[in-house]
Amino acid sequence: MTKRVVLIGHPVAHSLSGAMQQAAFDELGIDARYELWDRTPMALGEAIIEIRSEDFLGANVTIPHKERVVPMVDRLTEEASATGAVNTITRDGRRLVGHNTDVPGFKVALDRLVGKQKMPKQAVVLGAGGGARAVVYGLITEGFQRVIVFNRHLHRAEGLVKHFGRSAAHMELRAMPWHESIIEAEVAKAKVLVNATSIGLAGDVSPVPAEVLHGELLVLDVIYSRTRLLRDAAAVGAATADGELMLLHQGAAAFTLWTGQPAPLELMQGKLAEARAGGLRSAEGEPTGSPAEAPAGSAVE
């Protein structure tokens with residue numbers, strides 16, 4: 001019987017995960033089909049009930065459901081519990097286990113960006129959604145000492161900071177209002193800047209003015225594209241990376257959880273490149289609420 005794996009989000013038509021995961025199943029001779037399920041928040045509960053059946057290996061979860069799905073599963077792994085967000089679900093009989101593979105995906109991307117130099121200690125994170133939670137938890141566990149979170153809706157950033165109160169007790173983790181002057185002051189003091197919003201996914205816009213950036217920065221945009229932010233950062237001599245490695249490695253980790261087999265990374269990366277060449281773009285960011293910056297299709301993997 002062909003097994004099923006689904007991506008649950010709203011919307012999902014933009015997804016890069018389908019081609020990547022289906023190619024991996026086919027390469028390893030696994031009889032499984034990857035499906036895209038566009039489900040509104042109201043329909044999320046029914047979708048989670050459905051994947052409890054024996055037809056399913058599990059699921060991916062994307063915005064706006066990563067936090068909503070947490071109370072709907074039976075058990076959380078350490079990283080899912082710590083972040084309060086789930087992006088991958090596996091089945092244990094009829095019980096569902098929630099995982100967060102965004103965390104190891106982000107760590108791979110961060111390590112590659114930092115390279116051989118010593119891991120920095122100060123960072124600025126833009127966004128406060130499920131993807132941003134994985135980023136912040138990754139920074140906490142990498143030993144960062146000061147992380148400032150900005151979000152268009154300050155209460156979302158404050159909620160993120162409160163969630164990590166215990167695990168971030170050893171460091172300074174703060175939410176600040178999204179004002180250009182405050183962002184500029186904090187970016188000037190930071191070594192790492194992560195964009196975990198969807199700003200730049202649609203249209204040639206950046207979450208921060210080019211003048212805010214400096215050459216000592218390491219800039220990671222979780223959008224899988226050469227965004228305006230990354231081009232502006234490179235222009236002042238900053239090191240940059242897009243969301244390719246985070247997307248690839250979170251997907252590879254999910255594949256292994258479903259199948260118990262190592263993921264064919266090179267093949268999956270090639271499929272992502274093909275999708276990129278075809279014009280698809282993806283982000284692991286927080287919707288901005290601005291139609292100009294976050295249209296339908298700007299959801300995440």
# chains A, B, ... in the order shown; residues from 1 in each chain; ligands from 1
>>> residues_around(residues="Ala80 of chain A", least_positions_apart="5", cutoff="7 Å", atoms="only C-alpha atoms", output="list in words")
Ala85, Val86, Gly98, His99 and Asn100 of chain A
>>> write_last_selection(atoms="N, CA and C atoms", output="compact mmCIF listing (two decimals), in the first residue's frame")
# COMPACT_ATOMS: atom_id res chain seq x y z
N ALA A 85 6.79 24.98 18.73
CA ALA A 85 6.40 24.94 17.32
C ALA A 85 6.74 23.57 16.75
N VAL A 86 5.88 23.08 15.87
CA VAL A 86 6.06 21.78 15.23
C VAL A 86 6.05 21.96 13.72
N GLY A 98 5.26 15.22 17.62
CA GLY A 98 5.62 16.48 17.00
C GLY A 98 7.11 16.76 17.12
N HIS A 99 7.74 17.09 15.99
CA HIS A 99 9.17 17.39 15.94
C HIS A 99 9.38 18.80 15.42
N ASN A 100 10.56 19.34 15.64
CA ASN A 100 10.94 20.60 15.01
C ASN A 100 12.29 20.42 14.32
>>> residues_around(residues="Glu35 of chain A", least_positions_apart="4", cutoff="9 Å", atoms="only C-alpha atoms", output="list of chain:residue names")
A:Arg4, A:Val5, A:Val6, A:Leu7, A:Ile8, A:Gly18
>>> write_last_selection(atoms="N, CA, C and O atoms", output="compact mmCIF listing (two decimals), in the first residue's frame")
# COMPACT_ATOMS: atom_id res chain seq x y z
N ARG A 4 1.37 7.74 2.62
CA ARG A 4 1.15 9.14 2.32
C ARG A 4 1.88 10.02 3.33
O ARG A 4 1.94 9.70 4.51
N VAL A 5 2.43 11.13 2.83
CA VAL A 5 2.98 12.19 3.66
C VAL A 5 2.37 13.49 3.14
O VAL A 5 2.28 13.68 1.92
N VAL A 6 1.94 14.36 4.04
CA VAL A 6 1.28 15.58 3.60
C VAL A 6 1.96 16.81 4.19
O VAL A 6 2.52 16.76 5.28
N LEU A 7 1.90 17.89 3.44
CA LEU A 7 2.28 19.20 3.94
C LEU A 7 1.00 19.95 4.23
O LEU A 7 0.18 20.17 3.33
N ILE A 8 0.81 20.33 5.49
CA ILE A 8 -0.40 21.04 5.91
C ILE A 8 -0.06 22.50 6.15
O ILE A 8 0.78 22.83 7.00
N GLY A 18 7.47 19.46 -1.89
CA GLY A 18 6.90 18.34 -2.62
C GLY A 18 7.89 17.69 -3.57
O GLY A 18 8.10 16.46 -3.53
>>> residues_around(residues="segment 138-142 of chain A", least_positions_apart="2", cutoff="7 Å", atoms="only C-alpha atoms", output="ChimeraX atom specification")
/A:103,106-107,134-136,144,168
>>> write_last_selection(atoms="C-alpha atoms", output="PDB file, in the first residue's frame")
ATOM      1  CA  VAL A 103      16.210  23.860  14.547  1.00  0.00           C
ATOM      2  CA  PHE A 106      18.993  26.523  11.025  1.00  0.00           C
ATOM      3  CA  LYS A 107      22.101  25.343  12.861  1.00  0.00           C
ATOM      4  CA  ALA A 134      13.536  27.793  15.678  1.00  0.00           C
ATOM      5  CA  VAL A 135      16.104  30.508  14.934  1.00  0.00           C
ATOM      6  CA  VAL A 136      16.020  31.933  18.458  1.00  0.00           C
ATOM      7  CA  PHE A 144      24.659  33.519  22.116  1.00  0.00           C
ATOM      8  CA  ALA A 168      17.318  31.926  27.985  1.00  0.00           C
TER       9      ALA A 168
END
>>> residues_around(residues="Leu272 of chain A", least_positions_apart="3", cutoff="8 Å", atoms="only C-alpha atoms", output="PyMOL selection string")
chain A and resi 16+19-20+248+268-269+275-276
>>> select_by_dssp(residues="segment 19-176 of chain A", states="strand (DSSP E)", output="number ranges by chain")
A: 32-38, 56-61, 75-76, 88-92, 95-99, 122-126, 146-150, 172-176
>>> write_last_selection(atoms="N, CA and C atoms", output="short mmCIF file (atom, residue, chain, number, x, y, z; two decimals), in the first residue's frame")
data_model
loop_
_atom_site.label_atom_id
_atom_site.label_comp_id
_atom_site.auth_asym_id
_atom_site.auth_seq_id
_atom_site.Cartn_x
_atom_site.Cartn_y
_atom_site.Cartn_z
N ALA A 32 5.79 5.82 -1.40
CA ALA A 32 5.13 6.89 -0.65
C ALA A 32 4.83 8.06 -1.58
N ARG A 33 3.77 8.79 -1.27
CA ARG A 33 3.35 9.95 -2.06
C ARG A 33 3.28 11.18 -1.16
N TYR A 34 3.90 12.26 -1.61
CA TYR A 34 3.90 13.52 -0.86
C TYR A 34 2.80 14.41 -1.42
N GLU A 35 1.90 14.87 -0.54
CA GLU A 35 0.74 15.64 -0.97
C GLU A 35 0.74 17.02 -0.30
N LEU A 36 0.13 17.96 -0.97
CA LEU A 36 -0.02 19.31 -0.43
C LEU A 36 -1.46 19.51 0.02
N TRP A 37 -1.65 19.79 1.29
CA TRP A 37 -2.98 20.02 1.84
C TRP A 37 -3.11 21.48 2.27
N ASP A 38 -3.91 22.22 1.56
CA ASP A 38 -4.22 23.60 1.95
C ASP A 38 -5.38 23.54 2.94
N PHE A 56 -0.71 6.84 6.58
CA PHE A 56 0.24 7.95 6.63
C PHE A 56 1.54 7.59 7.33
N LEU A 57 2.65 8.06 6.75
CA LEU A 57 3.94 8.05 7.44
C LEU A 57 4.04 9.24 8.39
N GLY A 58 3.41 10.34 8.01
CA GLY A 58 3.48 11.54 8.83
C GLY A 58 3.16 12.77 8.02
N ALA A 59 3.66 13.91 8.48
CA ALA A 59 3.31 15.17 7.84
C ALA A 59 4.38 16.23 8.09
N ASN A 60 4.37 17.22 7.21
CA ASN A 60 5.04 18.50 7.47
C ASN A 60 3.96 19.52 7.82
N VAL A 61 4.33 20.49 8.62
CA VAL A 61 3.41 21.56 9.01
C VAL A 61 4.08 22.89 8.72
N ARG A 75 2.67 13.80 21.70
CA ARG A 75 3.97 13.94 22.36
C ARG A 75 4.83 14.89 21.56
N LEU A 76 5.66 15.65 22.26
CA LEU A 76 6.60 16.57 21.61
C LEU A 76 8.03 16.13 21.89
N THR A 88 7.18 19.02 11.77
CA THR A 88 7.17 17.64 11.27
C THR A 88 6.43 16.75 12.27
N ILE A 89 5.60 15.86 11.74
CA ILE A 89 4.85 14.93 12.57
C ILE A 89 5.14 13.50 12.12
N THR A 90 5.40 12.61 13.07
CA THR A 90 5.52 11.19 12.78
C THR A 90 4.44 10.43 13.54
N ARG A 91 4.16 9.20 13.10
CA ARG A 91 3.17 8.36 13.76
C ARG A 91 3.86 7.30 14.59
N ASP A 92 3.32 7.07 15.78
CA ASP A 92 3.74 5.97 16.65
C ASP A 92 2.47 5.20 16.98
N ARG A 95 -0.69 7.27 17.78
CA ARG A 95 -0.23 8.46 18.47
C ARG A 95 0.65 9.28 17.54
N LEU A 96 0.57 10.59 17.68
CA LEU A 96 1.34 11.49 16.84
C LEU A 96 2.44 12.15 17.66
N VAL A 97 3.64 12.21 17.06
CA VAL A 97 4.79 12.84 17.70
C VAL A 97 5.16 14.10 16.92
N GLY A 98 5.26 15.22 17.62
CA GLY A 98 5.62 16.48 17.00
C GLY A 98 7.11 16.76 17.12
N HIS A 99 7.74 17.09 15.99
CA HIS A 99 9.17 17.39 15.94
C HIS A 99 9.38 18.80 15.42
N GLN A 122 26.21 37.96 19.66
CA GLN A 122 25.09 38.90 19.61
C GLN A 122 24.38 38.80 18.27
N ALA A 123 23.04 38.80 18.31
CA ALA A 123 22.27 38.66 17.08
C ALA A 123 20.99 39.48 17.14
N VAL A 124 20.50 39.83 15.96
CA VAL A 124 19.20 40.46 15.78
C VAL A 124 18.36 39.53 14.92
N VAL A 125 17.14 39.25 15.38
CA VAL A 125 16.21 38.39 14.64
C VAL A 125 14.99 39.20 14.27
N LEU A 126 14.63 39.17 13.00
CA LEU A 126 13.43 39.84 12.52
C LEU A 126 12.35 38.80 12.33
N ARG A 146 23.32 37.67 23.66
CA ARG A 146 22.36 38.77 23.50
C ARG A 146 21.63 38.61 22.17
N VAL A 147 20.32 38.44 22.23
CA VAL A 147 19.50 38.29 21.03
C VAL A 147 18.32 39.25 21.15
N ILE A 148 18.16 40.11 20.15
CA ILE A 148 17.07 41.08 20.13
C ILE A 148 16.10 40.68 19.02
N VAL A 149 14.82 40.61 19.37
CA VAL A 149 13.79 40.17 18.44
C VAL A 149 12.89 41.35 18.07
N PHE A 150 12.73 41.57 16.78
CA PHE A 150 11.83 42.61 16.28
C PHE A 150 10.69 41.95 15.50
N GLU A 172 20.67 37.63 27.59
CA GLU A 172 19.73 38.72 27.38
C GLU A 172 18.94 38.44 26.10
N LEU A 173 17.67 38.18 26.26
CA LEU A 173 16.75 37.98 25.13
C LEU A 173 15.63 38.98 25.29
N ARG A 174 15.52 39.90 24.32
CA ARG A 174 14.56 41.01 24.46
C ARG A 174 13.75 41.19 23.18
N ALA A 175 12.53 41.65 23.35
CA ALA A 175 11.68 42.08 22.24
C ALA A 175 11.70 43.59 22.18
N MET A 176 11.79 44.14 20.97
CA MET A 176 11.81 45.59 20.81
C MET A 176 10.87 46.02 19.69
#
>>> atom_distance(atom1="atom CA of Val161 of chain A", atom2="atom CA of His179 of chain A")
18.2 Å
>>> residues_around(residues="Glu67 of chain A", least_positions_apart="4", cutoff="12 Å", atoms="only C-alpha atoms", output="number ranges by chain")
A: 9, 41, 44, 61-63, 71-73, 80-88, 98-100, 128-134, 160, 163, 286
>>> closest_residue(among="A:Thr259, A:Ile51, A:Leu229, A:Ala253", to="Asp31 of chain A", atoms="only C-alpha atoms")
A:Thr259
>>> residues_around(residues="Thr227 of chain A", least_positions_apart="6", cutoff="9 Å", atoms="only C-alpha atoms", output="ChimeraX atom specification")
/A:200-201,204-206,221,242
>>> select_by_dssp(residues="segment 63-293 of chain A", states="alpha helix (DSSP H)", output="ChimeraX atom specification")
/A:78-83,102-114,130-141,154-163,180-189,228-235,244-259,265-277
>>> write_last_selection(atoms="C-alpha atoms", output="compact mmCIF listing (two decimals), in the first residue's frame")
# COMPACT_ATOMS: atom_id res chain seq x y z
CA GLU A 78 12.71 18.20 23.09
CA GLU A 79 13.17 20.74 20.29
CA ALA A 80 9.45 20.95 19.53
CA SER A 81 8.67 21.47 23.22
CA ALA A 82 11.44 24.02 23.62
CA THR A 83 10.35 26.10 20.63
CA ASP A 102 13.80 23.68 11.59
CA VAL A 103 16.21 23.86 14.55
CA PRO A 104 18.90 21.53 13.13
CA GLY A 105 18.27 23.04 9.69
CA PHE A 106 18.99 26.52 11.03
CA LYS A 107 22.10 25.34 12.86
CA VAL A 108 23.56 23.92 9.65
CA ALA A 109 22.93 27.23 7.89
CA LEU A 110 24.41 29.25 10.75
CA ASP A 111 27.51 27.08 10.98
CA ARG A 112 28.10 27.42 7.23
CA LEU A 113 27.64 31.20 7.41
CA VAL A 114 30.01 31.62 10.36
CA GLY A 130 7.35 29.42 14.06
CA GLY A 131 10.47 29.86 11.94
CA ALA A 132 11.75 32.63 14.20
CA ARG A 133 11.24 30.40 17.23
CA ALA A 134 13.54 27.79 15.68
CA VAL A 135 16.10 30.51 14.93
CA VAL A 136 16.02 31.93 18.46
CA TYR A 137 16.28 28.49 20.07
CA GLY A 138 19.20 27.70 17.79
CA LEU A 139 20.96 30.89 18.87
CA ILE A 140 20.29 30.14 22.54
CA THR A 141 21.74 26.63 22.28
CA LEU A 154 5.35 43.73 19.24
CA HIS A 155 3.12 41.43 21.31
CA ARG A 156 4.18 38.48 19.12
CA ALA A 157 7.85 39.18 19.82
CA GLU A 158 7.10 39.60 23.52
CA GLY A 159 5.29 36.26 23.51
CA LEU A 160 8.31 34.59 21.92
CA VAL A 161 10.64 36.07 24.53
CA LYS A 162 8.35 34.99 27.36
CA HIS A 163 8.21 31.45 25.96
CA GLU A 180 14.01 51.98 12.07
CA SER A 181 16.16 53.88 14.56
CA ILE A 182 15.97 51.09 17.14
CA ILE A 183 16.73 48.41 14.55
CA GLU A 184 19.68 50.44 13.30
CA ALA A 185 21.09 50.82 16.82
CA GLU A 186 20.81 47.09 17.52
CA VAL A 187 22.18 45.95 14.16
CA ALA A 188 25.19 48.21 14.73
CA LYS A 189 26.01 46.20 17.88
CA ARG A 228 17.09 42.62 -1.62
CA LEU A 229 18.35 42.31 1.96
CA LEU A 230 21.09 39.89 0.92
CA ARG A 231 22.12 42.01 -2.07
CA ASP A 232 22.28 45.14 0.10
CA ALA A 233 24.31 43.28 2.71
CA ALA A 234 26.76 41.92 0.16
CA ALA A 235 27.19 45.42 -1.27
CA GLU A 244 18.56 26.96 0.99
CA LEU A 245 20.52 25.03 3.61
CA MET A 246 17.89 25.48 6.29
CA LEU A 247 15.16 24.25 3.94
CA LEU A 248 17.26 21.34 2.67
CA HIS A 249 18.41 20.08 6.06
CA GLN A 250 15.05 20.44 7.81
CA GLY A 251 13.58 18.43 4.95
CA ALA A 252 16.31 15.81 5.13
CA ALA A 253 15.79 15.41 8.88
CA ALA A 254 12.05 14.98 8.34
CA PHE A 255 12.65 12.36 5.64
CA THR A 256 14.80 10.32 8.01
CA LEU A 257 12.17 10.55 10.76
CA TRP A 258 9.48 9.18 8.43
CA THR A 259 11.55 6.44 6.79
CA LEU A 265 20.93 15.13 0.22
CA GLU A 266 22.55 15.71 -3.16
CA LEU A 267 19.40 14.67 -5.01
CA MET A 268 17.17 16.78 -2.78
CA GLN A 269 19.41 19.81 -3.24
CA GLY A 270 19.26 19.33 -7.00
CA LYS A 271 15.47 19.27 -6.93
CA LEU A 272 15.44 22.48 -4.92
CA ALA A 273 17.73 24.08 -7.52
CA GLU A 274 15.36 23.01 -10.29
CA ALA A 275 12.40 24.53 -8.45
CA ARG A 276 14.38 27.71 -7.90
CA ALA A 277 15.27 27.90 -11.60
>>> closest_residue(among="A:Thr2, A:Ala202, A:Val212, A:Val70", to="Asp26 of chain A", atoms="only C-alpha atoms")
A:Thr2
